[in-house]
Every structure is written in structure tokens, then in C-alpha cells.
2 protein chains.
Amino acid sequence: MKSVLFKHRSIRKFRPTPIPEEVLRECLEAASRASTCGNMQLYSLVVTRDETLRERLAPCHFNQPMVRQAPCVVTVCADIHRFTMWCEQRDADPAYDNFAWFLNASTDALLAAQNLCVEAEMHGLGICYLGTTIYTAGDISQILELPKGVIPLTTVVLGYPDESPELTDRLPLEAVVHYEKYTDYTAAEIDELWAEREESELTKRLLAENGLPNLAQVFTQRRYVRKDNLAISESYFALLKEKGFFNN
Amino acid sequence: MKSVLFKHRSIRKFRPTPIPEEVLRECLEAASRASTCGNMQLYSLVVTRDETLRERLAPCHFNQPMVRQAPCVVTVCADIHRFTMWCEQRDADPAYDNFAWFLNASTDALLAAQNLCVEAEMHGLGICYLGTTIYTAGDISQILELPKGVIPLTTVVLGYPDESPELTDRLPLEAVVHYEKYTDYTAAEIDELWAEREESELTKRLLAENGLPNLAQVFTQRRYVRKDNLAISESYFALLKEKGFFNN
């Protein structure tokens, strides 16, 4: 019998049913049990249930309906602010306002986020990560009043599912796993790893809809295009500096 | 009955028993079921079991004994290389060699890593994340022959536990969870959140051993000191550029 992890699908339609307080708390506590660098817990989870606030967050996520529909929106943040305050109040010299600690804090935050999601799914909740978070991290910071030393990394919407989508396909396991060392791919191997997906009905539909000759171009010309990628890189890196995560 | 997530403790002593092939595969498959940006799976898991190679990796992790002792060392990498190859072979213009996609790929990689760990613990395995990975990411890249577009983020050692440590304490849940918006801490709240830990026997022992007046100074003067933090920030950021994750 496979574990709950094998049943994960992102949920994008939610019932309005609120999450019982004790279930939500259990999910958040499970998050806090994740591994954390030096037991420093360099993250904050901002749990937004208020409708007006979710309404304000929605445009930051390109008005994806889940933000208004899901009863609970969790903005996952790297947080060196709390630990730094603690140090400063004890006459200790923190020095965590640099890139190494953005990495450590991000790792802490994302492991906690995944625990939150796994626990949520064990309770019959559905989740979806919103990658839009890094596109508009500055606006989200303002709405949620994040102080210096706190930066959003991703967002999880959660609630009871109102849809039951199929499992998404994945590349064959050999695509992402390397034994002993990294074994670089030959061109033929790349073709083979993507073959099944490229031949799928979903891909055929996408190519017809987009008038493009292959799936890779759907990614590069429609979904994640150069201009946006560069703009997001610049705005997020500027925010990283502004938030005090890059005093190297 | 609380879930497996509530039983996690980092394991630092392992039995030499190898992990059965089918158990390891199930853990890796569980990793691949984690949420991933646009179903792009921008990560690679390098699974090192060979003793000679683990021996070579050990100094990168400051010779922590787990690297030699645990039968399996998984180096978790952000990977834009594989997807970029796929795009280039299809006459698509990738543009994922920038900071935004370091963030997306890191997120993918860390969610997969946490799934790997949760599944491993469900099978009675023990795990420990090695934060040392970012200190020596360049050396690790050489040993594991990581190409451009692939960068190590963290490492997970796994195997059957040869110790049964207590659960580690955590800050009270209110320390890391904010409702609706971020509520900044008062100085008194910070004191309160850390009070229990600061008064613990473990802390008293650490202060005596280190000859320091408080726990915060153990962190700032012994564990994670300014000079090292800055050196790691610089070396990792340089590697990020070298590996082609910062062409903004």
C-alpha cells in the first residue's frame, strides 16, 4: 500500500467549508516538526483566512480563483528577523543578514511548508503551491506587513477539495535520480525521457491551442518567457537586498 | 494518533545495514510526487552509496561521521540543465539561467527532498539534513561531476537508525505562525518565546562548556559566526554565477 505522498495532486477548486481549528493547528504543528538549521526555525507562516485580505492577495497571484475560494492561504516566508531580535536582545552579534542565511532560512521554510502540505493531505485537505509568490513578493510583503528580515518564498492554499483530478504524470524516475555521481544526458536520452509526455493527448491539445510545433515552445513562448523571467529575477533580487538578506 | 511527521528526529548514528533496493526506490518515487513548478521537475537527486565516493564527500561535510556511516547519501540539487537541454533540442529559447529559476528550482528540489525524508521515515529509516552542503557546494559539484545548470542545495543522509534520540524542542507554535498578517514581536514576546529553551538543562550545559553568558552568543560566537557567514555567502553566490543561475 503506497503512502499518502503518492496520492498528491494540486487542488484548484475548493469547497467553502472552513478548516476546523484543531485540524489547522495539527497541520501547522506538523510543519514546525520539520528539520531546521541549528533548530533556529528561520521561517514564518502567515495564515490568512480573512476574506478581505485574501481579496487583496488575489491580484498578487494573478487572480487565480483559489486565493478567494480556498478558506486558508498560507504565505511561506524566510525569516531571519525573529532570530536576529533574540540575538540583539542578548548582546549577541547576529550576522545572518546575508545570502548564506537566505539559503538556510529558505530551506527551513520550504521543508516546513511541505510538512504542512503532507499533514493537510492526511486530513483530507487539498493544497496547491502558488509559484506566483516570487513574481509579486514586494506587494505581498506590503499587504502582509512583513518587516525587514522576512521575505515570501511561496504560498500554499488549502481547503477541502471540490474536484478530484487525476494524478499528474512525472518524468521517469531515472530522469531525476543519478546514482553515485551525476551522469549527464545524451540528446537521445533527453528525447526518450520526454517521449511519453510529448506524445500524450494533453500535449497534442496544447499544441493545437497554442499553434506551436512542440511542448518545449509552449513553455518558452507562452508559460515562462524570457522577458518575465528576467524581470522577476531582478525584482526579487532587489527585494532580497531591501529586506536585508544580501549584506555580504 | 499523531502522524509520522510528529516523530521526526535527526539521526546521526546509523547501522551499516543497506537499504533494500525497493525501499529506496519507493522513497525516491515519493520524492518525485511532490509539487513542482509547471511540472518541470527542476531538480536532481544524486544518490551516493559507493564507499569511496562517500569517503570523498565526507570532508565537504566537515567529516561528520554520518557521511561515512550512513549507507546512502543523497545530494539534493537545483537542476535547470536537463530542462534546458530539452528546450534546446526543440528549438525553444529556454531563459531559465537566472535568479528566478534558481528560486523555482530550489523550491522544487526541497519539496522533493522533504517527501523523500517523510517516506523514508515511514519505512523506519532515519534521516539527517546536512547544512554543510552550501559551505562546500563547489567541492561537492566537482566530486559529483555536476554540470553547469546544476547546484547542490542540501544533502540528506539516510539509513537504519542506531540511536533513538528524544524529540528536539521547538519554539511555541505562536513563534512561527502569524494569523492574517505578520504581527511583529515585542521585546517581551521574544523573551517569552525563548524562555523555556533558555532555562533548559541543555542550555545550562552549553553555557558552561562555552564559557558564555547566554544561548544567543553560543550561536553568534561559536556555531554560526560572522566571518564564516560572509565567506559562505560569497562563495555560494560566486558558484551560482559560475553554474549559470544568475544571468539576470
# chains A, B, ... in the order shown; residues from 1 in each chain; ligands from 1

$ interface_residues --of "chain A" --to "chain B" --cutoff "6 Å" --atoms "only C-alpha atoms" --output "ChimeraX atom specification"
/A:5,30,44-48,87,92-95,99-100,111,114,144-146,176-182,216-217,220,226,230,232-233,248

$ residues_around --residues "Ile140 in chain B" --least-positions-apart "4" --cutoff "8 Å" --atoms "only C-alpha atoms" --output "number ranges by chain"
B: 57, 60, 133, 136, 144, 152

$ write_last_selection --atoms "N, CA and C atoms" --output "short mmCIF file (atom, residue, chain, number, x, y, z; two decimals), in the first residue's frame"
data_model
loop_
_atom_site.label_atom_id
_atom_site.label_comp_id
_atom_site.auth_asym_id
_atom_site.auth_seq_id
_atom_site.Cartn_x
_atom_site.Cartn_y
_atom_site.Cartn_z
N LEU B 57 33.27 12.58 -0.15
CA LEU B 57 32.31 13.64 0.23
C LEU B 57 32.47 14.05 1.70
N CYS B 60 33.75 17.43 2.78
CA CYS B 60 32.84 18.52 2.39
C CYS B 60 31.80 18.76 3.48
N THR B 133 26.35 21.50 3.18
CA THR B 133 26.33 21.45 1.71
C THR B 133 26.61 22.82 1.07
N THR B 136 30.39 24.12 1.04
CA THR B 136 31.40 23.50 0.18
C THR B 136 30.78 23.03 -1.13
N LEU B 144 30.94 15.21 -7.53
CA LEU B 144 29.77 14.54 -8.15
C LEU B 144 29.63 14.86 -9.64
N PRO B 152 24.28 22.13 -5.83
CA PRO B 152 23.81 21.45 -4.62
C PRO B 152 23.17 22.44 -3.64
#

$ closest_residue --among "A:Gly138, A:Gly124, A:Gly149, A:Pro165" --to "Phe245 in chain A" --atoms "only C-alpha atoms"
A:Gly149

$ select_by_dssp --residues "range 9-182 of chain A" --states "alpha helix (DSSP H)" --output "PyMOL selection string"
chain A and resi 21-32+51-57+66-69+81-88+99-122+137-143+173-176

$ decode --residues "range 11-29 of chain A" --atoms "N, CA and C atoms" --output "PDB file, in the first residue's frame"
ATOM      1  N   ILE A  11      -4.767  20.876  -5.921  1.00  0.00           N
ATOM      2  CA  ILE A  11      -6.209  21.130  -5.965  1.00  0.00           C
ATOM      3  C   ILE A  11      -6.433  22.615  -6.281  1.00  0.00           C
ATOM      4  N   ARG A  12      -7.284  22.869  -7.245  1.00  0.00           N
ATOM      5  CA  ARG A  12      -7.523  24.255  -7.679  1.00  0.00           C
ATOM      6  C   ARG A  12      -8.987  24.671  -7.553  1.00  0.00           C
ATOM      7  N   LYS A  13      -9.825  23.749  -7.022  1.00  0.00           N
ATOM      8  CA  LYS A  13     -11.220  24.094  -6.723  1.00  0.00           C
ATOM      9  C   LYS A  13     -11.543  23.614  -5.310  1.00  0.00           C
ATOM     10  N   PHE A  14     -12.010  24.528  -4.496  1.00  0.00           N
ATOM     11  CA  PHE A  14     -12.238  24.217  -3.087  1.00  0.00           C
ATOM     12  C   PHE A  14     -13.686  24.429  -2.673  1.00  0.00           C
ATOM     13  N   ARG A  15     -14.132  23.615  -1.720  1.00  0.00           N
ATOM     14  CA  ARG A  15     -15.416  23.867  -1.093  1.00  0.00           C
ATOM     15  C   ARG A  15     -15.243  25.001  -0.079  1.00  0.00           C
ATOM     16  N   PRO A  16     -16.312  25.736   0.208  1.00  0.00           N
ATOM     17  CA  PRO A  16     -16.148  26.864   1.147  1.00  0.00           C
ATOM     18  C   PRO A  16     -15.998  26.434   2.616  1.00  0.00           C
ATOM     19  N   THR A  17     -16.262  25.150   2.905  1.00  0.00           N
ATOM     20  CA  THR A  17     -16.146  24.623   4.275  1.00  0.00           C
ATOM     21  C   THR A  17     -14.872  25.114   4.966  1.00  0.00           C
ATOM     22  N   PRO A  18     -14.993  25.754   6.104  1.00  0.00           N
ATOM     23  CA  PRO A  18     -13.762  26.161   6.802  1.00  0.00           C
ATOM     24  C   PRO A  18     -13.014  24.954   7.366  1.00  0.00           C
ATOM     25  N   ILE A  19     -11.735  25.126   7.598  1.00  0.00           N
ATOM     26  CA  ILE A  19     -10.921  24.061   8.179  1.00  0.00           C
ATOM     27  C   ILE A  19     -11.075  24.134   9.700  1.00  0.00           C
ATOM     28  N   PRO A  20     -11.478  23.025  10.343  1.00  0.00           N
ATOM     29  CA  PRO A  20     -11.615  23.090  11.801  1.00  0.00           C
ATOM     30  C   PRO A  20     -10.308  23.537  12.457  1.00  0.00           C
ATOM     31  N   GLU A  21     -10.464  24.344  13.468  1.00  0.00           N
ATOM     32  CA  GLU A  21      -9.315  24.933  14.166  1.00  0.00           C
ATOM     33  C   GLU A  21      -8.264  23.878  14.556  1.00  0.00           C
ATOM     34  N   GLU A  22      -8.739  22.742  15.074  1.00  0.00           N
ATOM     35  CA  GLU A  22      -7.781  21.739  15.575  1.00  0.00           C
ATOM     36  C   GLU A  22      -7.055  21.034  14.420  1.00  0.00           C
ATOM     37  N   VAL A  23      -7.719  20.936  13.271  1.00  0.00           N
ATOM     38  CA  VAL A  23      -7.053  20.336  12.097  1.00  0.00           C
ATOM     39  C   VAL A  23      -5.965  21.284  11.589  1.00  0.00           C
ATOM     40  N   LEU A  24      -6.317  22.554  11.475  1.00  0.00           N
ATOM     41  CA  LEU A  24      -5.339  23.540  11.018  1.00  0.00           C
ATOM     42  C   LEU A  24      -4.135  23.583  11.954  1.00  0.00           C
ATOM     43  N   ARG A  25      -4.413  23.541  13.240  1.00  0.00           N
ATOM     44  CA  ARG A  25      -3.330  23.585  14.219  1.00  0.00           C
ATOM     45  C   ARG A  25      -2.409  22.368  14.088  1.00  0.00           C
ATOM     46  N   GLU A  26      -3.018  21.215  13.870  1.00  0.00           N
ATOM     47  CA  GLU A  26      -2.222  19.994  13.696  1.00  0.00           C
ATOM     48  C   GLU A  26      -1.306  20.119  12.461  1.00  0.00           C
ATOM     49  N   CYS A  27      -1.833  20.691  11.401  1.00  0.00           N
ATOM     50  CA  CYS A  27      -1.027  20.891  10.184  1.00  0.00           C
ATOM     51  C   CYS A  27       0.141  21.839  10.458  1.00  0.00           C
ATOM     52  N   LEU A  28      -0.147  22.918  11.182  1.00  0.00           N
ATOM     53  CA  LEU A  28       0.902  23.894  11.476  1.00  0.00           C
ATOM     54  C   LEU A  28       1.945  23.297  12.421  1.00  0.00           C
ATOM     55  N   GLU A  29       1.481  22.495  13.374  1.00  0.00           N
ATOM     56  CA  GLU A  29       2.433  21.841  14.279  1.00  0.00           C
ATOM     57  C   GLU A  29       3.302  20.831  13.530  1.00  0.00           C
TER      58      GLU A  29
END
